[in-house]
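Enquirer: As input, take entry_4.cif (mmCIF, C-alpha atoms):
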data_data
#
loop_
_atom_site.label_atom_id
_atom_site.label_comp_id
_atom_site.auth_asym_id
_atom_site.auth_seq_id
_atom_site.Cartn_x
_atom_site.Cartn_y
_atom_site.Cartn_z
CA MET Y 1 17.17 21.24 29.93
CA GLN Y 2 18.56 18.08 28.44
CA GLN Y 3 20.74 16.32 31.04
CA ASP Y 4 24.42 16.20 30.13
CA THR Y 5 26.15 12.87 29.71
CA PRO Y 6 29.68 12.19 30.96
CA PHE Y 7 32.53 12.85 28.54
CA GLU Y 8 33.82 9.39 27.66
CA ILE Y 9 36.36 8.08 25.17
CA ALA Y 10 36.64 4.31 24.74
CA GLY Y 11 34.85 3.73 28.05
CA ARG Y 12 37.11 6.08 30.00
CA ARG Y 13 35.51 9.12 31.65
CA PHE Y 14 37.13 12.55 31.74
CA ARG Y 15 36.17 15.50 33.88
CA SER Y 16 36.72 18.25 31.30
CA ARG Y 17 35.64 18.58 27.68
CA LEU Y 18 38.57 20.90 27.08
CA MET Y 19 41.85 19.25 26.12
CA VAL Y 20 45.04 21.28 25.78
CA GLY Y 21 48.47 20.99 24.23
CA THR Y 22 51.86 21.71 25.77
CA GLY Y 23 53.72 23.22 22.79
CA LYS Y 24 55.01 26.71 22.04
CA TYR Y 25 54.59 28.33 25.47
CA ARG Y 26 57.07 31.10 26.20
CA THR Y 27 58.06 29.45 29.48
CA ASN Y 28 57.39 26.14 31.22
CA ASP Y 29 55.85 28.08 34.08
CA ASP Y 30 53.34 29.71 31.67
CA MET Y 31 52.49 26.24 30.35
CA VAL Y 32 51.85 24.67 33.74
CA ARG Y 33 49.81 27.61 35.03
CA ALA Y 34 47.76 27.82 31.82
CA ILE Y 35 46.96 24.11 31.90
CA GLU Y 36 45.87 24.40 35.51
CA ALA Y 37 43.71 27.45 34.73
CA SER Y 38 42.05 25.67 31.80
CA GLY Y 39 40.74 22.87 34.00
CA ALA Y 40 41.77 20.35 31.32
CA GLU Y 41 42.51 16.77 32.28
CA ILE Y 42 43.75 15.48 28.92
CA VAL Y 43 47.04 17.07 27.92
CA THR Y 44 48.83 16.33 24.65
CA VAL Y 45 52.57 15.79 24.26
CA ALA Y 46 54.88 15.04 21.33
CA VAL Y 47 57.58 12.38 20.96
CA ARG Y 48 61.02 13.66 19.95
CA ARG Y 49 64.68 12.72 20.16
CA VAL Y 50 66.40 13.57 23.42
CA ASP Y 51 68.75 16.47 22.66
CA LEU Y 52 72.11 14.97 23.59
CA ASN Y 53 74.08 18.10 22.79
CA ARG Y 54 72.40 20.22 25.41
CA ALA Y 55 73.55 20.08 29.02
CA ASN Y 56 69.96 20.10 30.20
CA SER Y 57 67.97 17.79 27.95
CA GLU Y 58 64.79 17.77 29.99
CA GLY Y 59 61.46 16.62 28.65
CA VAL Y 60 57.99 17.90 29.41
CA LEU Y 61 57.56 15.35 32.23
CA HIS Y 62 59.92 17.44 34.33
CA HIS Y 63 57.14 20.00 34.53
CA LEU Y 64 53.90 18.03 34.32
CA ASP Y 65 52.83 15.50 36.91
CA PRO Y 66 51.51 12.47 35.02
CA LYS Y 67 49.39 11.56 38.04
CA ARG Y 68 47.44 14.81 37.74
CA PHE Y 69 46.97 14.86 33.97
CA PHE Y 70 46.08 12.27 31.38
CA LEU Y 71 48.95 12.43 28.89
CA LEU Y 72 47.92 11.97 25.28
CA ALA Y 73 50.88 11.31 22.97
CA ASN Y 74 50.56 12.66 19.46
CA THR Y 75 52.21 11.73 16.17
CA ALA Y 76 52.63 15.35 15.08
CA GLY Y 77 55.17 15.88 12.33
CA CYS Y 78 54.58 12.47 10.71
CA TYR Y 79 53.94 12.46 6.97
CA THR Y 80 53.46 8.72 6.38
CA ALA Y 81 51.36 6.01 8.03
CA ASP Y 82 54.54 4.04 8.85
CA ASP Y 83 56.13 6.99 10.65
CA ALA Y 84 52.93 7.69 12.57
CA VAL Y 85 52.71 4.03 13.67
CA ARG Y 86 56.36 4.14 14.80
CA TYR Y 87 55.79 7.33 16.82
CA ALA Y 88 52.59 5.93 18.32
CA ARG Y 89 54.44 2.84 19.55
CA LEU Y 90 57.21 4.99 21.05
CA GLY Y 91 54.59 7.19 22.70
CA ARG Y 92 52.84 4.20 24.23
CA GLU Y 93 56.17 3.02 25.61
CA ALA Y 94 57.04 6.45 27.00
CA GLY Y 95 53.61 7.06 28.37
CA PHE Y 96 51.02 5.76 30.67
CA ASN Y 97 48.13 4.66 28.47
CA GLU Y 98 47.18 3.22 25.10
CA PHE Y 99 45.68 6.46 23.76
CA VAL Y 100 47.23 8.16 20.76
CA LYS Y 101 46.32 11.37 18.97
CA LEU Y 102 47.02 10.26 15.44
CA GLU Y 103 48.23 12.81 12.92
CA VAL Y 104 49.36 11.94 9.41
CA ILE Y 105 50.07 15.22 7.69
CA GLY Y 106 49.78 15.54 3.93
CA ASP Y 107 50.98 19.05 3.21
CA GLN Y 108 53.57 21.25 4.86
CA GLU Y 109 51.94 24.58 4.16
CA THR Y 110 48.43 23.82 5.40
CA LEU Y 111 49.21 20.86 7.70
CA LEU Y 112 46.05 19.27 6.36
CA PRO Y 113 45.83 15.50 6.88
CA ASP Y 114 46.77 12.79 4.41
CA THR Y 115 43.49 10.93 4.70
CA GLU Y 116 44.74 7.77 3.00
CA GLY Y 117 47.70 7.49 5.38
CA LEU Y 118 45.46 8.38 8.29
CA LEU Y 119 43.05 5.54 7.52
CA ALA Y 120 45.87 3.03 7.08
CA ALA Y 121 47.53 4.04 10.35
CA THR Y 122 44.19 3.98 12.18
CA ARG Y 123 43.58 0.39 11.06
CA THR Y 124 47.06 -0.74 12.10
CA LEU Y 125 46.99 0.96 15.49
CA ALA Y 126 43.41 -0.03 16.35
CA GLY Y 127 44.46 -3.61 15.51
CA GLU Y 128 47.35 -3.29 17.97
CA GLY Y 129 45.01 -2.25 20.77
CA PHE Y 130 45.57 1.48 20.62
CA THR Y 131 42.76 3.90 21.41
CA VAL Y 132 43.05 6.08 18.32
CA LEU Y 133 41.90 9.71 18.33
CA ALA Y 134 42.28 10.66 14.70
CA TYR Y 135 43.01 14.26 13.70
CA THR Y 136 41.25 14.87 10.38
CA ASN Y 137 39.71 17.54 8.19
CA ASP Y 138 36.05 18.54 8.37
CA ASP Y 139 35.00 15.97 5.77
CA LEU Y 140 32.10 13.69 6.70
CA ILE Y 141 33.14 10.78 4.49
CA THR Y 142 36.66 10.63 5.94
CA ALA Y 143 35.18 10.85 9.44
CA LEU Y 144 32.85 7.92 8.70
CA ARG Y 145 35.73 5.87 7.26
CA LEU Y 146 37.86 6.58 10.34
CA GLU Y 147 35.07 5.36 12.58
CA GLU Y 148 34.79 2.20 10.47
CA ALA Y 149 38.57 1.74 10.64
CA GLY Y 150 38.40 1.60 14.44
CA ALA Y 151 39.02 5.18 15.61
CA ALA Y 152 37.79 5.67 19.18
CA ALA Y 153 37.24 9.37 18.53
CA VAL Y 154 37.38 11.55 15.44
CA MET Y 155 38.97 14.99 15.64
CA PRO Y 156 37.97 17.27 12.78
CA LEU Y 157 39.65 20.66 12.56
CA ALA Y 158 37.87 23.98 13.08
CA SER Y 159 40.53 25.53 10.79
CA PRO Y 160 44.20 24.72 10.07
CA ILE Y 161 46.57 23.95 12.95
CA GLY Y 162 47.94 27.09 14.58
CA SER Y 163 45.88 29.41 12.33
CA GLY Y 164 43.50 30.79 14.95
CA LEU Y 165 40.90 31.31 12.22
CA GLY Y 166 38.13 29.83 14.34
CA LEU Y 167 35.29 27.57 13.23
CA LEU Y 168 35.20 27.87 9.42
CA ASN Y 169 32.48 25.35 8.70
CA PRO Y 170 29.94 24.86 11.48
CA TYR Y 171 27.69 22.89 9.10
CA SER Y 172 30.36 20.23 8.43
CA ILE Y 173 31.14 19.86 12.11
CA ARG Y 174 27.44 19.52 12.99
CA THR Y 175 26.97 16.94 10.25
CA ILE Y 176 29.97 14.89 11.40
CA LYS Y 177 28.68 14.99 14.99
CA ARG Y 178 25.20 13.95 13.90
CA ARG Y 179 26.42 10.99 11.83
CA LEU Y 180 29.16 9.49 14.02
CA LYS Y 181 28.67 7.21 17.00
CA VAL Y 182 32.15 7.80 18.45
CA PRO Y 183 32.95 11.09 20.19
CA VAL Y 184 33.73 14.08 17.95
CA ILE Y 185 36.40 16.38 19.36
CA VAL Y 186 37.26 19.50 17.39
CA ASP Y 187 41.02 19.85 17.16
CA ALA Y 188 42.88 22.88 15.88
CA GLY Y 189 42.00 26.37 14.70
CA VAL Y 190 40.29 27.85 17.73
CA GLY Y 191 41.67 31.36 18.31
CA THR Y 192 39.73 32.87 21.15
CA ALA Y 193 36.95 32.08 23.63
CA SER Y 194 34.04 32.88 21.29
CA ASP Y 195 35.44 30.33 18.79
CA ALA Y 196 35.47 27.66 21.50
CA CYS Y 197 31.95 28.55 22.61
CA LEU Y 198 30.58 28.53 19.05
CA THR Y 199 32.28 25.18 18.42
CA MET Y 200 30.76 23.58 21.52
CA GLU Y 201 27.35 25.00 20.51
CA GLN Y 202 27.47 22.67 17.49
CA GLY Y 203 27.04 19.78 19.93
CA VAL Y 204 30.52 18.27 19.67
CA ASP Y 205 31.90 16.30 22.59
CA GLY Y 206 35.02 18.35 23.24
CA ILE Y 207 37.76 20.63 21.93
CA LEU Y 208 41.54 20.35 21.80
CA MET Y 209 43.59 23.51 21.52
CA ASN Y 210 47.19 24.62 21.95
CA THR Y 211 48.26 27.77 20.11
CA ALA Y 212 45.26 29.84 21.27
CA LEU Y 213 46.62 29.52 24.81
CA ALA Y 214 50.37 29.47 24.13
CA GLU Y 215 50.33 32.56 21.91
CA ALA Y 216 47.84 34.62 23.92
CA ALA Y 217 49.38 37.71 25.50
CA ASP Y 218 48.32 36.19 28.83
CA PRO Y 219 48.07 32.39 28.43
CA VAL Y 220 46.77 31.83 31.96
CA ALA Y 221 43.89 34.30 31.55
CA MET Y 222 43.08 32.89 28.09
CA ALA Y 223 43.06 29.35 29.51
CA HIS Y 224 40.56 30.45 32.14
CA ALA Y 225 38.41 32.08 29.42
CA MET Y 226 38.55 28.91 27.31
CA GLY Y 227 37.42 26.77 30.22
CA LEU Y 228 34.41 29.05 30.72
CA ALA Y 229 33.69 29.19 26.96
CA VAL Y 230 33.71 25.41 26.56
CA GLU Y 231 31.35 25.09 29.49
CA ALA Y 232 29.08 27.91 28.25
CA GLY Y 233 28.93 26.44 24.75
CA ARG Y 234 28.12 22.99 26.08
CA VAL Y 235 25.33 24.25 28.34
CA ALA Y 236 23.93 26.48 25.56
CA TRP Y 237 23.80 23.47 23.24
CA LEU Y 238 22.01 21.43 25.89
CA ALA Y 239 19.65 24.34 26.54
CA GLY Y 240 18.65 24.43 22.85
CA ARG Y 241 18.86 27.76 21.06
CA MET Y 242 15.87 29.75 19.76
CA PRO Y 243 15.10 29.54 16.05
CA ARG Y 244 16.74 32.00 13.67
CA ARG Y 245 14.19 34.33 11.99
CA GLU Y 246 14.48 36.75 9.11
CA VAL Y 247 11.98 39.14 10.74
CA ALA Y 248 11.81 40.91 14.09
CA MET Y 249 9.47 39.76 16.87
CA PRO Y 250 8.72 42.25 19.64
CA SER Y 251 9.72 41.19 23.13
CA SER Y 252 7.19 43.53 24.82
CA PRO Y 253 3.40 43.09 24.52
CA VAL Y 254 1.78 44.69 21.45
CA ARG Y 255 -1.47 45.06 23.36
CA GLY Y 256 -2.02 47.73 25.95
CA MET Y 257 -0.35 50.57 24.07
CA LEU Y 258 -1.78 54.07 24.78
CA ALA Y 259 -4.28 55.29 22.23
CA MET S 260 88.29 1.19 28.58
CA SER S 261 87.34 -0.04 25.08
CA THR S 262 84.85 1.79 22.90
CA ILE S 263 82.41 1.03 20.09
CA VAL S 264 80.99 3.27 17.39
CA ILE S 265 77.19 3.46 17.16
CA THR S 266 74.69 5.75 15.45
CA LEU S 267 73.01 7.63 18.28
CA ASN S 268 70.00 9.80 17.40
CA GLY S 269 71.25 9.99 13.85
CA GLU S 270 74.88 10.85 14.65
CA ARG S 271 77.94 8.61 14.68
CA ARG S 272 79.25 8.49 18.17
CA GLU S 273 81.95 6.67 20.11
CA VAL S 274 80.69 5.25 23.41
CA PRO S 275 82.15 2.88 26.02
CA GLY S 276 81.45 -0.73 25.11
CA PRO S 277 80.52 -3.35 24.44
CA GLY S 278 77.95 -2.81 27.19
CA SER S 279 74.24 -2.76 27.92
CA LEU S 280 71.67 -0.15 26.90
CA ALA S 281 71.21 0.65 30.59
CA GLY S 282 74.95 1.35 30.70
CA LEU S 283 74.63 3.71 27.73
CA LEU S 284 71.83 5.68 29.43
CA GLY S 285 73.97 5.88 32.57
CA HIS S 286 76.93 7.12 30.52
CA LEU S 287 74.70 9.84 29.01
CA GLY S 288 73.21 10.76 32.38
CA LEU S 289 69.64 9.93 31.30
CA ASP S 290 66.90 8.60 33.58
CA PRO S 291 65.62 5.34 32.04
CA ARG S 292 62.12 6.08 33.37
CA LEU S 293 61.89 9.18 31.16
CA VAL S 294 63.42 7.83 27.94
CA VAL S 295 62.30 5.27 25.38
CA VAL S 296 64.99 3.32 23.56
CA GLU S 297 64.81 2.02 20.02
CA LEU S 298 67.63 -0.33 19.01
CA ASN S 299 67.88 -0.92 15.25
CA ARG S 300 64.24 0.31 14.94
CA GLU S 301 62.88 -2.09 17.59
CA ILE S 302 61.65 -0.71 20.90
CA VAL S 303 63.53 -2.14 23.88
CA ARG S 304 61.24 -2.15 26.89
CA ARG S 305 62.58 -0.84 30.20
CA PRO S 306 62.98 -4.22 31.96
CA ARG S 307 65.19 -5.38 29.06
CA LEU S 308 67.62 -2.45 29.09
CA ASP S 309 70.03 -4.19 31.48
CA ASP S 310 70.43 -7.37 29.46
CA THR S 311 70.33 -5.90 25.95
CA THR S 312 73.86 -5.55 24.65
CA LEU S 313 75.10 -2.86 22.29
CA ALA S 314 77.44 -3.82 19.48
CA ASP S 315 79.62 -1.85 17.10
CA GLY S 316 77.48 -0.40 14.27
CA ASP S 317 74.17 -0.49 16.15
CA SER S 318 71.68 2.30 15.63
CA VAL S 319 70.06 3.71 18.76
CA GLU S 320 67.27 6.26 19.09
CA LEU S 321 66.52 7.87 22.44
CA VAL S 322 63.21 9.71 22.61
CA HIS S 323 61.07 11.36 25.24
CA PHE S 324 57.97 13.54 25.58
CA VAL S 325 58.29 17.20 24.70
CA GLY S 326 55.70 19.95 24.47
CA GLY S 327 53.28 19.50 21.58
CA GLY S 328 49.68 19.98 20.51
#
Show me, as structure tokens, the structure contained in the file I just sent.

Expert:
Amino acid sequence: MQQDTPFEIAGRRFRSRLMVGTGKYRTNDDMVRAIEASGAEIVTVAVRRVDLNRANSEGVLHHLDPKRFFLLANTAGCYTADDAVRYARLGREAGFNEFVKLEVIGDQETLLPDTEGLLAATRTLAGEGFTVLAYTNDDLITALRLEEAGAAAVMPLASPIGSGLGLLNPYSIRTIKRRLKVPVIVDAGVGTASDACLTMEQGVDGILMNTALAEAADPVAMAHAMGLAVEAGRVAWLAGRMPRREVAMPSSPVRGMLA
Amino acid sequence: MSTIVITLNGERREVPGPGSLAGLLGHLGLDPRLVVVELNREIVRRPRLDDTTLADGDSVELVHFVGGG
């Protein structure tokens, strides 16, 4: 079997190819236990105003130990390059590293990216020393442009954010992986373990997911399943699958049958 | 004690002042290690919170990390 290489982004090594979000869990306890069960090291967080009208305006850091997890700030909810750059700077200040998961959304209904804004923000942030992980659609040309613009990793979607529709276009994802030099991490759309496994079988470097865990009936059990699926998919890709055939081939010998 | 009126997270608010940003966080009961402060759209880094003064009419944003994907 082909030997696996370490999972690295911008020269930094991570122990798990599964990255998880922290949004939409029913309870903070569910979130913490699910993240632990997933085995993920990289954990995404969002930047928002402190709620000054609530007695207890606690943030996610009250529940997650930043020494145990690598916190990846996102720019979710930003619709312009300028807003995304502003949120990225705030996230760097709040956080512990120069990584940012860059989102510039172009449409409220589908949450598909505004690729023009995404490219502009990638250039600006890469120029300011950020390690940009750019959330994008499954379009090869945009992925190539993002790499050129200085993205440290490109994150094409499997299907729209929070949809759980799974991997809609394995061909596009394979093509992006084949053509890019930087890591390709599929972000968004995975619904269940088989989706994660199938995605990893395309040869991508990792997966980021949130809703599939947060909205599972049992987030902790689903997180465990996702950890196994990501590992299984990775090993299956390294193992190299058999060819697809349009005809059957017997598995037992054809010789030696009784007359 | 005198007060000033600032825009705090998008809302007009009367706070004790003039004073420092660190003083404002203290007044609000917020831990400066867990909050990032933007004053008139410029980030004020933590070591500068003590000696950055708030004036009447300033706009302040206080943000932190919340759950997200």

Enquirer: Could you give me, as CSV, every chain Y residue with an atom at most 7 Å from chain S, plus its closest atom pair and distance in Å to one decimal, counting all atoms listed in the file, rows ordered by chain then number?

Expert:
residue,atom,partner,partner_atom,distance
Y:Gly21,CA,S:Gly328,CA,4.0
Y:Thr22,CA,S:Gly326,CA,4.4
Y:Gly23,CA,S:Gly327,CA,3.9
Y:Thr44,CA,S:Gly328,CA,5.6
Y:Val45,CA,S:Gly327,CA,4.6
Y:Ala46,CA,S:Gly327,CA,4.7
Y:Val47,CA,S:Phe324,CA,4.8
Y:Arg48,CA,S:Val322,CA,5.2
Y:Arg49,CA,S:Val322,CA,4.2
Y:Val50,CA,S:Val322,CA,5.1
Y:Gly59,CA,S:Val325,CA,5.1
Y:Val60,CA,S:Val325,CA,4.8
Y:Leu61,CA,S:Phe324,CA,6.9
Y:Leu90,CA,S:Val295,CA,6.7
Y:Glu93,CA,S:Val295,CA,6.5
Y:Ala94,CA,S:Val295,CA,5.6
Y:Asn210,CA,S:Gly328,CA,5.5

Enquirer: The PyMOL selection byres ((chain Y and resi 82) around 10) on the file shown: which residues, as an MDAnalysis selection string?

Expert: chainID Y and resid 78:81 83:88 104 117 120:121 124

Enquirer: What's the 7 Å shell around region 202-204 of chain Y, counting all atoms listed in the file, without same-chain residues fewer than 5 positions away, as a list of chain:residue names?

Expert: Y:Pro170, Y:Arg174, Y:Lys177, Y:Val184, Y:Ile185, Y:Trp237

Enquirer: Excluding same-chain residues fewer than 6 positions from region 271-279 of chain S, what lies within 9 Å of it counting all atoms listed in the file, as an NGL selection string?

Expert: :S and (260-265 or 286 or 308-315 or 318)

Enquirer: With all atoms listed in the file as the counted atoms, please give the residues lying no more than 8 Å from region 110-112 of chain Y, apart from itself and same-chain residues fewer than 3 positions off, as an mmCIF file with C-alpha atoms, keeping the file's coordinate frame.

Expert:
data_model
loop_
_atom_site.group_PDB
_atom_site.id
_atom_site.type_symbol
_atom_site.label_atom_id
_atom_site.label_comp_id
_atom_site.auth_asym_id
_atom_site.auth_seq_id
_atom_site.Cartn_x
_atom_site.Cartn_y
_atom_site.Cartn_z
ATOM 1 C CA ILE Y 105 50.070 15.220 7.690
ATOM 2 C CA GLY Y 106 49.780 15.540 3.930
ATOM 3 C CA ASP Y 107 50.980 19.050 3.210
ATOM 4 C CA THR Y 136 41.250 14.870 10.380
ATOM 5 C CA ASN Y 137 39.710 17.540 8.190
ATOM 6 C CA PRO Y 160 44.200 24.720 10.070
ATOM 7 C CA ILE Y 161 46.570 23.950 12.950
#

Enquirer: Which is closest to Val182 (chain Y) among Y:Gly206, Y:Pro253, Y:Gly77, Y:Pro66, if we use all atoms listed in the file?

Expert: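 For Val182 (chain Y), the nearest of the candidates is Y:Gly206.
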
Enquirer: Excluding region 232-234 of chain Y and residues on its chain fewer than 4 positions from it, collect all residues at most 8 Å away from it, counting all atoms listed in the file, and give them as a list in words.

Expert: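 The residues that qualify are Ala196, Cys197, Leu198, Thr199, Met200, Glu201, Gly203, Leu228 and Leu238 of chain Y.
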
Enquirer: Since we have the selection now, will you write its residues out, keeping C-alpha atoms, as a short mmCIF file (atom, residue, chain, number, x, y, z; two decimals), in the frame of the given file?

Expert:
data_model
loop_
_atom_site.label_atom_id
_atom_site.label_comp_id
_atom_site.auth_asym_id
_atom_site.auth_seq_id
_atom_site.Cartn_x
_atom_site.Cartn_y
_atom_site.Cartn_z
CA ALA Y 196 35.47 27.66 21.50
CA CYS Y 197 31.95 28.55 22.61
CA LEU Y 198 30.58 28.53 19.05
CA THR Y 199 32.28 25.18 18.42
CA MET Y 200 30.76 23.58 21.52
CA GLU Y 201 27.35 25.00 20.51
CA GLY Y 203 27.04 19.78 19.93
CA LEU Y 228 34.41 29.05 30.72
CA LEU Y 238 22.01 21.43 25.89
#

Enquirer: What is the CA of Glu215 (chain Y) to CA of Asp138 (chain Y) distance in Å?

Expert: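 Separation of CA of Glu215 (chain Y) and CA of Asp138 (chain Y): 24.2 Å.
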
Enquirer: Nearest to Val190 (chain Y) among Y:Leu157, Y:Ala217, Y:Leu146, Y:Glu116, with distances taken over only C-alpha atoms: which residue is it?

Expert: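 Ranking Y:Leu157, Y:Ala217, Y:Leu146, Y:Glu116 by distance to Val190 (chain Y), first place goes to Y:Leu157.
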
Enquirer: Leaving out Gly240 (chain Y) and any residue of its chain fewer than 5 positions from it, which residues lie within 9 Å of it when counting only C-alpha atoms, given as a PDB file with C-alpha atoms, keeping the file's coordinate frame?

Expert:
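The result, stored in result_23.pdb:
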ATOM      1  CA  MET Y   1      17.170  21.240  29.930  1.00  0.00           C
ATOM      2  CA  GLN Y   2      18.560  18.080  28.440  1.00  0.00           C
ATOM      3  CA  VAL Y 235      25.330  24.250  28.340  1.00  0.00           C
TER       4      VAL Y 235
END

Enquirer: Could you check how far CA of Glu103 (chain Y) sits from CA of Val154 (chain Y), in Å to one decimal?

Expert: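 That distance, rounded to one decimal, is 11.2 Å.
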
Enquirer: Could you tell me how far CA of Met155 (chain Y) lies from CA of Val186 (chain Y), in Å and to one decimal?

Expert: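 Distance between the two atoms: 5.1 Å.
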
Enquirer: Do you know which residues the PyMOL selection byres ((chain Y and resi 7) around 10) returns on this file, as JSON, numbers by chain?

Expert: {"Y": [4, 5, 6, 8, 9, 11, 12, 13, 14, 15, 16, 17, 183, 205, 206]}

Enquirer: With the file shown as input, list the residues that the PyMOL selection byres ((chain Y and resi 126) around 12) selects, as an MDAnalysis selection string.

Expert: chainID Y and resid 10 85 88:89 98:100 102 118:125 127:134 146:153

Enquirer: Pull the neighbourhood of (34.2, 22.3, 6.5) for me: all residues within 7 Å in file coordinates, counting all atoms listed in the file, as a list in words.

Expert: Asp138, Asp139, Leu168, Asn169, Ser172 and Ile173 of chain Y

Enquirer: So that I have them on file, write out the residues from the current selection with C-alpha atoms, as a PDB file, in the coordinates of the input.

Expert:
ATOM      1  CA  ASP Y 138      36.050  18.540   8.370  1.00  0.00           C
ATOM      2  CA  ASP Y 139      35.000  15.970   5.770  1.00  0.00           C
ATOM      3  CA  LEU Y 168      35.200  27.870   9.420  1.00  0.00           C
ATOM      4  CA  ASN Y 169      32.480  25.350   8.700  1.00  0.00           C
ATOM      5  CA  SER Y 172      30.360  20.230   8.430  1.00  0.00           C
ATOM      6  CA  ILE Y 173      31.140  19.860  12.110  1.00  0.00           C
TER       7      ILE Y 173
END
